[in-house]
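Visitor: I'm passing along entry-v9.txt; it holds compact mmCIF, N, CA and C atoms.
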```txt
# COMPACT_ATOMS: atom_id res chain seq x y z
N MET P 1 -56.21 63.68 0.20
CA MET P 1 -55.12 63.01 -0.44
C MET P 1 -54.21 64.01 -1.11
N SER P 2 -53.03 63.68 -1.10
CA SER P 2 -52.05 64.60 -1.64
C SER P 2 -51.67 64.16 -3.03
N ASP P 3 -51.58 65.10 -3.92
CA ASP P 3 -51.16 64.79 -5.28
C ASP P 3 -49.64 64.86 -5.40
N THR P 4 -49.00 64.74 -4.35
CA THR P 4 -47.56 64.82 -4.32
C THR P 4 -47.00 63.45 -4.71
N ILE P 5 -45.97 63.51 -5.46
CA ILE P 5 -45.29 62.26 -5.88
C ILE P 5 -43.97 62.21 -5.12
N GLU P 6 -43.75 61.06 -4.56
CA GLU P 6 -42.51 60.87 -3.82
C GLU P 6 -41.60 59.93 -4.60
N LYS P 7 -40.42 60.40 -4.82
CA LYS P 7 -39.44 59.59 -5.53
C LYS P 7 -38.26 59.31 -4.60
N THR P 8 -37.82 58.01 -4.60
CA THR P 8 -36.62 57.64 -3.84
C THR P 8 -35.84 56.62 -4.66
N ASN P 9 -34.59 56.64 -4.50
CA ASN P 9 -33.74 55.65 -5.18
C ASN P 9 -33.56 54.44 -4.27
N VAL P 10 -33.73 53.26 -4.85
CA VAL P 10 -33.53 52.01 -4.12
C VAL P 10 -32.66 51.10 -4.97
N THR P 11 -32.04 50.18 -4.33
CA THR P 11 -31.21 49.23 -5.05
C THR P 11 -31.85 47.86 -4.93
N ARG P 12 -31.98 47.22 -6.08
CA ARG P 12 -32.52 45.86 -6.11
C ARG P 12 -31.63 45.01 -7.01
N VAL P 13 -31.62 43.74 -6.76
CA VAL P 13 -30.85 42.82 -7.61
C VAL P 13 -31.75 42.42 -8.76
N LEU P 14 -31.33 42.78 -9.97
CA LEU P 14 -32.11 42.50 -11.16
C LEU P 14 -31.21 41.94 -12.24
N SER P 15 -31.74 41.30 -13.23
CA SER P 15 -30.99 40.78 -14.34
C SER P 15 -30.52 41.93 -15.22
N VAL P 16 -29.26 41.87 -15.64
CA VAL P 16 -28.71 42.88 -16.53
C VAL P 16 -27.95 42.19 -17.64
N ASP P 17 -27.89 42.80 -18.80
CA ASP P 17 -27.11 42.26 -19.90
C ASP P 17 -25.64 42.58 -19.64
N LEU P 18 -24.78 41.59 -19.90
CA LEU P 18 -23.34 41.77 -19.68
C LEU P 18 -22.70 42.45 -20.86
N THR P 19 -21.65 43.18 -20.56
CA THR P 19 -20.89 43.81 -21.63
C THR P 19 -19.92 42.77 -22.19
N ASP P 20 -19.37 43.07 -23.36
CA ASP P 20 -18.39 42.15 -23.97
C ASP P 20 -17.18 41.95 -23.06
N SER P 21 -16.71 42.98 -22.42
CA SER P 21 -15.54 42.86 -21.54
C SER P 21 -15.88 42.05 -20.29
N GLU P 22 -17.10 42.16 -19.79
CA GLU P 22 -17.51 41.34 -18.63
C GLU P 22 -17.59 39.86 -19.02
N ILE P 23 -18.12 39.61 -20.21
CA ILE P 23 -18.20 38.22 -20.69
C ILE P 23 -16.80 37.64 -20.86
N GLN P 24 -15.88 38.43 -21.42
CA GLN P 24 -14.50 37.97 -21.60
C GLN P 24 -13.85 37.68 -20.25
N ALA P 25 -14.03 38.55 -19.27
CA ALA P 25 -13.44 38.37 -17.94
C ALA P 25 -14.01 37.12 -17.27
N LEU P 26 -15.32 36.91 -17.41
CA LEU P 26 -15.94 35.72 -16.82
C LEU P 26 -15.44 34.45 -17.53
N GLY P 27 -15.23 34.52 -18.84
CA GLY P 27 -14.70 33.38 -19.59
C GLY P 27 -13.30 33.02 -19.13
N GLU P 28 -12.47 34.03 -18.90
CA GLU P 28 -11.12 33.78 -18.40
C GLU P 28 -11.16 33.17 -17.01
N ASN P 29 -12.07 33.67 -16.18
CA ASN P 29 -12.23 33.13 -14.82
C ASN P 29 -12.69 31.67 -14.89
N LEU P 30 -13.64 31.38 -15.80
CA LEU P 30 -14.14 30.02 -15.96
C LEU P 30 -13.02 29.08 -16.40
N ALA P 31 -12.21 29.52 -17.35
CA ALA P 31 -11.09 28.69 -17.83
C ALA P 31 -10.10 28.42 -16.70
N SER P 32 -9.83 29.42 -15.90
CA SER P 32 -8.92 29.27 -14.77
C SER P 32 -9.48 28.28 -13.75
N LEU P 33 -10.76 28.39 -13.46
CA LEU P 33 -11.40 27.48 -12.51
C LEU P 33 -11.39 26.04 -13.03
N GLU P 34 -11.66 25.87 -14.32
CA GLU P 34 -11.65 24.52 -14.90
C GLU P 34 -10.25 23.92 -14.84
N SER P 35 -9.24 24.74 -15.08
CA SER P 35 -7.86 24.27 -15.01
C SER P 35 -7.50 23.86 -13.58
N LYS P 36 -7.91 24.67 -12.61
CA LYS P 36 -7.65 24.35 -11.21
C LYS P 36 -8.38 23.07 -10.81
N LEU P 37 -9.61 22.91 -11.27
CA LEU P 37 -10.38 21.70 -10.97
C LEU P 37 -9.68 20.47 -11.54
N ALA P 38 -9.23 20.57 -12.78
CA ALA P 38 -8.53 19.44 -13.41
C ALA P 38 -7.26 19.10 -12.62
N GLY P 39 -6.55 20.13 -12.18
CA GLY P 39 -5.34 19.90 -11.37
C GLY P 39 -5.67 19.20 -10.06
N GLU P 40 -6.72 19.61 -9.40
CA GLU P 40 -7.13 18.98 -8.14
C GLU P 40 -7.54 17.53 -8.37
N LYS P 41 -8.26 17.28 -9.46
CA LYS P 41 -8.67 15.91 -9.77
C LYS P 41 -7.44 15.04 -10.04
N GLU P 42 -6.45 15.59 -10.74
CA GLU P 42 -5.22 14.85 -11.03
C GLU P 42 -4.46 14.55 -9.74
N ARG P 43 -4.35 15.55 -8.84
CA ARG P 43 -3.67 15.33 -7.57
C ARG P 43 -4.41 14.28 -6.74
N LYS P 44 -5.73 14.31 -6.80
CA LYS P 44 -6.53 13.31 -6.09
C LYS P 44 -6.24 11.92 -6.64
N ALA P 45 -6.19 11.80 -7.96
CA ALA P 45 -5.93 10.50 -8.58
C ALA P 45 -4.55 9.98 -8.21
N VAL P 46 -3.55 10.87 -8.26
CA VAL P 46 -2.18 10.47 -7.90
C VAL P 46 -2.13 10.06 -6.44
N SER P 47 -2.75 10.86 -5.59
CA SER P 47 -2.77 10.56 -4.16
C SER P 47 -3.48 9.24 -3.90
N ALA P 48 -4.61 9.03 -4.56
CA ALA P 48 -5.35 7.78 -4.39
C ALA P 48 -4.51 6.59 -4.85
N ALA P 49 -3.81 6.76 -5.96
CA ALA P 49 -2.96 5.68 -6.47
C ALA P 49 -1.83 5.37 -5.47
N GLU P 50 -1.26 6.42 -4.89
CA GLU P 50 -0.19 6.22 -3.90
C GLU P 50 -0.74 5.50 -2.67
N TYR P 51 -1.89 5.93 -2.20
CA TYR P 51 -2.50 5.27 -1.04
C TYR P 51 -2.87 3.83 -1.38
N ASN P 52 -3.42 3.60 -2.56
CA ASN P 52 -3.78 2.24 -2.97
C ASN P 52 -2.54 1.34 -3.02
N ALA P 53 -1.43 1.89 -3.50
CA ALA P 53 -0.18 1.11 -3.56
C ALA P 53 0.30 0.78 -2.15
N ARG P 54 0.24 1.75 -1.24
CA ARG P 54 0.65 1.49 0.14
C ARG P 54 -0.27 0.47 0.81
N ILE P 55 -1.56 0.59 0.54
CA ILE P 55 -2.52 -0.38 1.09
C ILE P 55 -2.21 -1.77 0.56
N LYS P 56 -1.93 -1.88 -0.74
CA LYS P 56 -1.60 -3.17 -1.35
C LYS P 56 -0.34 -3.76 -0.72
N ASP P 57 0.66 -2.91 -0.45
CA ASP P 57 1.89 -3.38 0.20
C ASP P 57 1.59 -3.96 1.58
N PHE P 58 0.73 -3.27 2.34
CA PHE P 58 0.35 -3.79 3.66
C PHE P 58 -0.38 -5.12 3.53
N GLU P 59 -1.28 -5.24 2.56
CA GLU P 59 -2.03 -6.48 2.37
C GLU P 59 -1.09 -7.64 2.02
N ILE P 60 -0.10 -7.36 1.17
CA ILE P 60 0.87 -8.40 0.80
C ILE P 60 1.68 -8.82 2.03
N GLU P 61 2.13 -7.87 2.82
CA GLU P 61 2.92 -8.19 4.01
C GLU P 61 2.08 -8.94 5.04
N ILE P 62 0.83 -8.55 5.19
CA ILE P 62 -0.07 -9.26 6.12
C ILE P 62 -0.25 -10.70 5.68
N THR P 63 -0.45 -10.92 4.39
CA THR P 63 -0.61 -12.27 3.86
C THR P 63 0.65 -13.09 4.11
N ARG P 64 1.82 -12.49 3.88
CA ARG P 64 3.10 -13.19 4.08
C ARG P 64 3.29 -13.57 5.55
N VAL P 65 3.04 -12.63 6.46
CA VAL P 65 3.23 -12.90 7.88
C VAL P 65 2.22 -13.94 8.37
N ALA P 66 0.98 -13.83 7.90
CA ALA P 66 -0.06 -14.80 8.29
C ALA P 66 0.32 -16.21 7.83
N ALA P 67 0.89 -16.32 6.63
CA ALA P 67 1.31 -17.64 6.13
C ALA P 67 2.41 -18.22 7.01
N ILE P 68 3.34 -17.39 7.45
CA ILE P 68 4.42 -17.86 8.33
C ILE P 68 3.82 -18.35 9.65
N ILE P 69 2.88 -17.59 10.20
CA ILE P 69 2.24 -17.99 11.45
C ILE P 69 1.47 -19.29 11.26
N ASN P 70 0.74 -19.40 10.16
CA ASN P 70 -0.08 -20.59 9.92
C ASN P 70 0.75 -21.85 9.74
N THR P 71 1.89 -21.74 9.06
CA THR P 71 2.73 -22.92 8.83
C THR P 71 3.68 -23.17 10.00
N GLY P 72 4.01 -22.12 10.73
CA GLY P 72 4.97 -22.25 11.82
C GLY P 72 6.40 -22.37 11.33
N HIS P 73 6.63 -22.06 10.04
CA HIS P 73 7.96 -22.17 9.44
C HIS P 73 8.29 -20.90 8.68
N LYS P 74 9.58 -20.62 8.62
CA LYS P 74 10.07 -19.48 7.86
C LYS P 74 11.37 -19.88 7.20
N GLN P 75 11.58 -19.48 5.96
CA GLN P 75 12.82 -19.76 5.26
C GLN P 75 13.89 -18.77 5.71
N ARG P 76 15.05 -19.29 6.08
CA ARG P 76 16.18 -18.42 6.40
C ARG P 76 17.47 -19.20 6.22
N ALA P 77 18.57 -18.50 6.11
CA ALA P 77 19.87 -19.14 5.93
C ALA P 77 20.26 -19.86 7.22
N VAL P 78 20.68 -21.12 7.09
CA VAL P 78 21.09 -21.93 8.23
C VAL P 78 22.44 -22.55 7.90
N GLU P 79 23.37 -22.43 8.82
CA GLU P 79 24.68 -23.05 8.65
C GLU P 79 24.52 -24.57 8.65
N CYS P 80 25.17 -25.22 7.68
CA CYS P 80 25.08 -26.68 7.55
C CYS P 80 26.48 -27.27 7.33
N GLU P 81 26.58 -28.54 7.60
CA GLU P 81 27.82 -29.27 7.34
C GLU P 81 27.55 -30.25 6.21
N ARG P 82 28.43 -30.23 5.20
CA ARG P 82 28.30 -31.16 4.07
C ARG P 82 29.39 -32.22 4.25
N ILE P 83 28.95 -33.45 4.28
CA ILE P 83 29.89 -34.57 4.45
C ILE P 83 29.87 -35.39 3.18
N LYS P 84 31.06 -35.49 2.53
CA LYS P 84 31.22 -36.33 1.35
C LYS P 84 31.78 -37.67 1.80
N ASN P 85 30.99 -38.71 1.65
CA ASN P 85 31.44 -40.06 2.00
C ASN P 85 31.84 -40.74 0.70
N PHE P 86 33.15 -40.72 0.43
CA PHE P 86 33.64 -41.26 -0.83
C PHE P 86 33.48 -42.78 -0.88
N HIS P 87 33.54 -43.43 0.27
CA HIS P 87 33.37 -44.89 0.31
C HIS P 87 31.94 -45.27 -0.07
N ALA P 88 30.96 -44.57 0.50
CA ALA P 88 29.55 -44.87 0.20
C ALA P 88 29.08 -44.17 -1.07
N GLY P 89 29.82 -43.15 -1.52
CA GLY P 89 29.43 -42.41 -2.72
C GLY P 89 28.24 -41.49 -2.47
N THR P 90 28.17 -40.94 -1.25
CA THR P 90 27.04 -40.06 -0.90
C THR P 90 27.54 -38.72 -0.37
N ILE P 91 26.65 -37.74 -0.44
CA ILE P 91 26.89 -36.43 0.17
C ILE P 91 25.71 -36.19 1.11
N THR P 92 26.03 -35.91 2.37
CA THR P 92 24.99 -35.67 3.37
C THR P 92 25.10 -34.24 3.86
N LEU P 93 23.97 -33.56 3.93
CA LEU P 93 23.91 -32.19 4.42
C LEU P 93 23.18 -32.21 5.76
N THR P 94 23.85 -31.70 6.82
CA THR P 94 23.30 -31.72 8.17
C THR P 94 23.27 -30.31 8.73
N ARG P 95 22.15 -29.96 9.35
CA ARG P 95 22.02 -28.64 9.99
C ARG P 95 22.91 -28.58 11.22
N LEU P 96 23.65 -27.47 11.39
CA LEU P 96 24.49 -27.33 12.57
C LEU P 96 23.69 -26.86 13.78
N ASP P 97 22.56 -26.21 13.57
CA ASP P 97 21.79 -25.69 14.70
C ASP P 97 20.99 -26.79 15.40
N THR P 98 20.51 -27.80 14.66
CA THR P 98 19.68 -28.85 15.25
C THR P 98 20.29 -30.24 15.11
N GLY P 99 21.27 -30.38 14.22
CA GLY P 99 21.85 -31.69 13.96
C GLY P 99 21.00 -32.55 13.03
N ALA P 100 19.89 -32.00 12.54
CA ALA P 100 19.00 -32.76 11.66
C ALA P 100 19.61 -32.90 10.28
N GLU P 101 19.43 -34.08 9.71
CA GLU P 101 19.92 -34.33 8.36
C GLU P 101 18.95 -33.70 7.37
N VAL P 102 19.45 -32.85 6.51
CA VAL P 102 18.62 -32.14 5.53
C VAL P 102 18.44 -32.99 4.29
N GLU P 103 19.55 -33.54 3.78
CA GLU P 103 19.46 -34.38 2.59
C GLU P 103 20.67 -35.28 2.49
N THR P 104 20.47 -36.39 1.81
CA THR P 104 21.56 -37.28 1.43
C THR P 104 21.35 -37.58 -0.04
N LYS P 105 22.42 -37.43 -0.82
CA LYS P 105 22.30 -37.70 -2.26
C LYS P 105 23.50 -38.50 -2.73
N ILE P 106 23.31 -39.14 -3.84
CA ILE P 106 24.38 -39.91 -4.48
C ILE P 106 25.32 -38.93 -5.16
N MET P 107 26.62 -39.16 -5.00
CA MET P 107 27.61 -38.29 -5.64
C MET P 107 27.57 -38.43 -7.15
N LEU P 108 27.72 -37.31 -7.83
CA LEU P 108 27.89 -37.32 -9.28
C LEU P 108 29.37 -37.60 -9.57
N ALA P 109 29.68 -37.93 -10.78
CA ALA P 109 31.05 -38.29 -11.15
C ALA P 109 32.04 -37.19 -10.79
N ASP P 110 31.70 -35.93 -11.06
CA ASP P 110 32.65 -34.84 -10.78
C ASP P 110 32.76 -34.56 -9.28
N GLU P 111 31.85 -35.06 -8.47
CA GLU P 111 31.90 -34.86 -7.03
C GLU P 111 32.73 -35.95 -6.34
N ARG P 112 33.11 -36.97 -7.06
CA ARG P 112 33.84 -38.10 -6.48
C ARG P 112 35.33 -37.79 -6.28
N GLN P 113 35.76 -36.60 -6.66
CA GLN P 113 37.16 -36.20 -6.48
C GLN P 113 37.30 -35.52 -5.11
N PRO P 114 38.21 -35.98 -4.26
CA PRO P 114 38.42 -35.30 -2.97
C PRO P 114 38.91 -33.87 -3.21
N ASN P 115 38.58 -33.00 -2.26
CA ASN P 115 39.04 -31.61 -2.35
C ASN P 115 40.55 -31.54 -2.27
N LEU P 116 41.10 -30.48 -2.83
CA LEU P 116 42.53 -30.25 -2.73
C LEU P 116 42.87 -29.89 -1.30
N PRO P 117 44.15 -29.95 -0.93
CA PRO P 117 44.54 -29.62 0.46
C PRO P 117 43.97 -28.27 0.89
N GLY P 118 43.47 -28.26 2.13
CA GLY P 118 42.89 -27.03 2.69
C GLY P 118 41.41 -26.90 2.40
N GLY P 119 40.84 -27.74 1.53
CA GLY P 119 39.45 -27.61 1.15
C GLY P 119 38.52 -28.45 2.00
N GLY P 120 39.00 -29.25 2.88
CA GLY P 120 38.17 -30.10 3.71
C GLY P 120 38.92 -31.33 4.12
N GLU P 121 38.38 -32.05 5.03
CA GLU P 121 39.06 -33.22 5.57
C GLU P 121 38.54 -34.48 4.90
N VAL P 122 39.44 -35.31 4.41
CA VAL P 122 39.07 -36.58 3.80
C VAL P 122 39.25 -37.65 4.87
N VAL P 123 38.15 -38.33 5.20
CA VAL P 123 38.18 -39.37 6.23
C VAL P 123 38.09 -40.73 5.57
N LYS P 124 39.04 -41.65 5.93
CA LYS P 124 39.06 -42.99 5.34
C LYS P 124 38.45 -43.99 6.26
```
Take the structure I supplied and represent it as structure tokens, if you would.

Guide:
Amino acid sequence: MSDTIEKTNVTRVLSVDLTDSEIQALGENLASLESKLAGEKERKAVSAAEYNARIKDFEIEITRVAAIINTGHKQRAVECERIKNFHAGTITLTRLDTGAEVETKIMLADERQPNLPGGGEVVK
């Protein structure tokens, strides 16, 4: 056996105490990471809110269109003819597209005056 001692340098990962400047640098890095994380969470929340709003808009439109399909009717502007019958004291509203009578009502006192010239035809 040889009484010779062999020495070699090796590198191993071991625990070491940090210096004050290393601790300060890590603290600054931690603060930066926390700030970035908070920013990402905020962007996620804003994005989620925007998506939720768009989803809600689609749901509202789907409900509206489904209701139209289910009833088979839709509200829209329709040209009508209003006939004031001064003899009968009634006003009749008739659709021009179908000829269907929409309503007939009794004239109010202020409606019993014929229109001035150019405002409509008075039939006797």

Visitor: What parts of stretch 33-97 of chain P does DSSP call strand (DSSP E or B)? I'd like the answer as an mmCIF file with N, CA and C atoms, keeping the file's coordinate frame.

Guide:
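Printed below is states.cif as written:
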```cif
data_model
loop_
_atom_site.group_PDB
_atom_site.id
_atom_site.type_symbol
_atom_site.label_atom_id
_atom_site.label_comp_id
_atom_site.auth_asym_id
_atom_site.auth_seq_id
_atom_site.Cartn_x
_atom_site.Cartn_y
_atom_site.Cartn_z
ATOM 1 N N CYS P 80 25.170 -25.220 7.680
ATOM 2 C CA CYS P 80 25.080 -26.680 7.550
ATOM 3 C C CYS P 80 26.480 -27.270 7.330
ATOM 4 N N GLU P 81 26.580 -28.540 7.600
ATOM 5 C CA GLU P 81 27.820 -29.270 7.340
ATOM 6 C C GLU P 81 27.550 -30.250 6.210
ATOM 7 N N ARG P 82 28.430 -30.230 5.200
ATOM 8 C CA ARG P 82 28.300 -31.160 4.070
ATOM 9 C C ARG P 82 29.390 -32.220 4.250
ATOM 10 N N ILE P 83 28.950 -33.450 4.280
ATOM 11 C CA ILE P 83 29.890 -34.570 4.450
ATOM 12 C C ILE P 83 29.870 -35.390 3.180
ATOM 13 N N LYS P 84 31.060 -35.490 2.530
ATOM 14 C CA LYS P 84 31.220 -36.330 1.350
ATOM 15 C C LYS P 84 31.780 -37.670 1.800
ATOM 16 N N ASN P 85 30.990 -38.710 1.650
ATOM 17 C CA ASN P 85 31.440 -40.060 2.000
ATOM 18 C C ASN P 85 31.840 -40.740 0.700
ATOM 19 N N THR P 90 28.170 -40.940 -1.250
ATOM 20 C CA THR P 90 27.040 -40.060 -0.900
ATOM 21 C C THR P 90 27.540 -38.720 -0.370
ATOM 22 N N ILE P 91 26.650 -37.740 -0.440
ATOM 23 C CA ILE P 91 26.890 -36.430 0.170
ATOM 24 C C ILE P 91 25.710 -36.190 1.110
ATOM 25 N N THR P 92 26.030 -35.910 2.370
ATOM 26 C CA THR P 92 24.990 -35.670 3.370
ATOM 27 C C THR P 92 25.100 -34.240 3.860
ATOM 28 N N LEU P 93 23.970 -33.560 3.930
ATOM 29 C CA LEU P 93 23.910 -32.190 4.420
ATOM 30 C C LEU P 93 23.180 -32.210 5.760
ATOM 31 N N THR P 94 23.850 -31.700 6.820
ATOM 32 C CA THR P 94 23.300 -31.720 8.170
ATOM 33 C C THR P 94 23.270 -30.310 8.730
ATOM 34 N N ARG P 95 22.150 -29.960 9.350
ATOM 35 C CA ARG P 95 22.020 -28.640 9.990
ATOM 36 C C ARG P 95 22.910 -28.580 11.220
#
```

Visitor: Just the residues within 8 Å of P:Gly89, please, counting only C-alpha atoms, with nothing from its chain fewer than 6 positions along; format it as a PyMOL selection string.

Guide: chain P and resi 106-107+112

Visitor: Could you list as a list in words every residue that has an atom within 7 Å of (22.0, -31.8, 6.3), using the file's coordinates and counting only C-alpha atoms?

Guide: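 Within the cut-off we find Cys80, Glu81, Arg82, Thr92, Leu93, Thr94, Arg95, Ala100, Glu101, Val102 and Glu103 of chain P.
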
Visitor: Take atom CA of P:Ala88 and atom CA of P:Asp110 and report the distance between them in Å, one decimal.

Guide: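 We find that atom CA of P:Ala88 and atom CA of P:Asp110 lie 15.2 Å from each other.
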
Visitor: Which residue out of P:Leu96, P:Ile91, P:Phe58, P:Thr11 has the minimum interatomic distance to P:Leu108 when only C-alpha atoms are used?

Guide: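 Checking each of P:Leu96, P:Ile91, P:Phe58, P:Thr11 against P:Leu108, counting only C-alpha atoms, the winner is P:Ile91.
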
Visitor: Interatomic distance between atom C of P:His87 and atom C of P:Pro114?

Guide: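 Answer for the atom C of P:His87 to atom C of P:Pro114 separation: 13.7 Å.
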
Visitor: Give me, please, the distance in Å between atom CA of P:Glu59 and atom CA of P:Ala77, quoted to one decimal.

Guide: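 That distance, rounded to one decimal, is 25.5 Å.
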
Visitor: Enumerate, as a PyMOL selection string, the complete set of residues in chain P that a backbone-based DSSP assignment places in helix (DSSP H, G or I).

Guide: chain P and resi 20-71+109-112
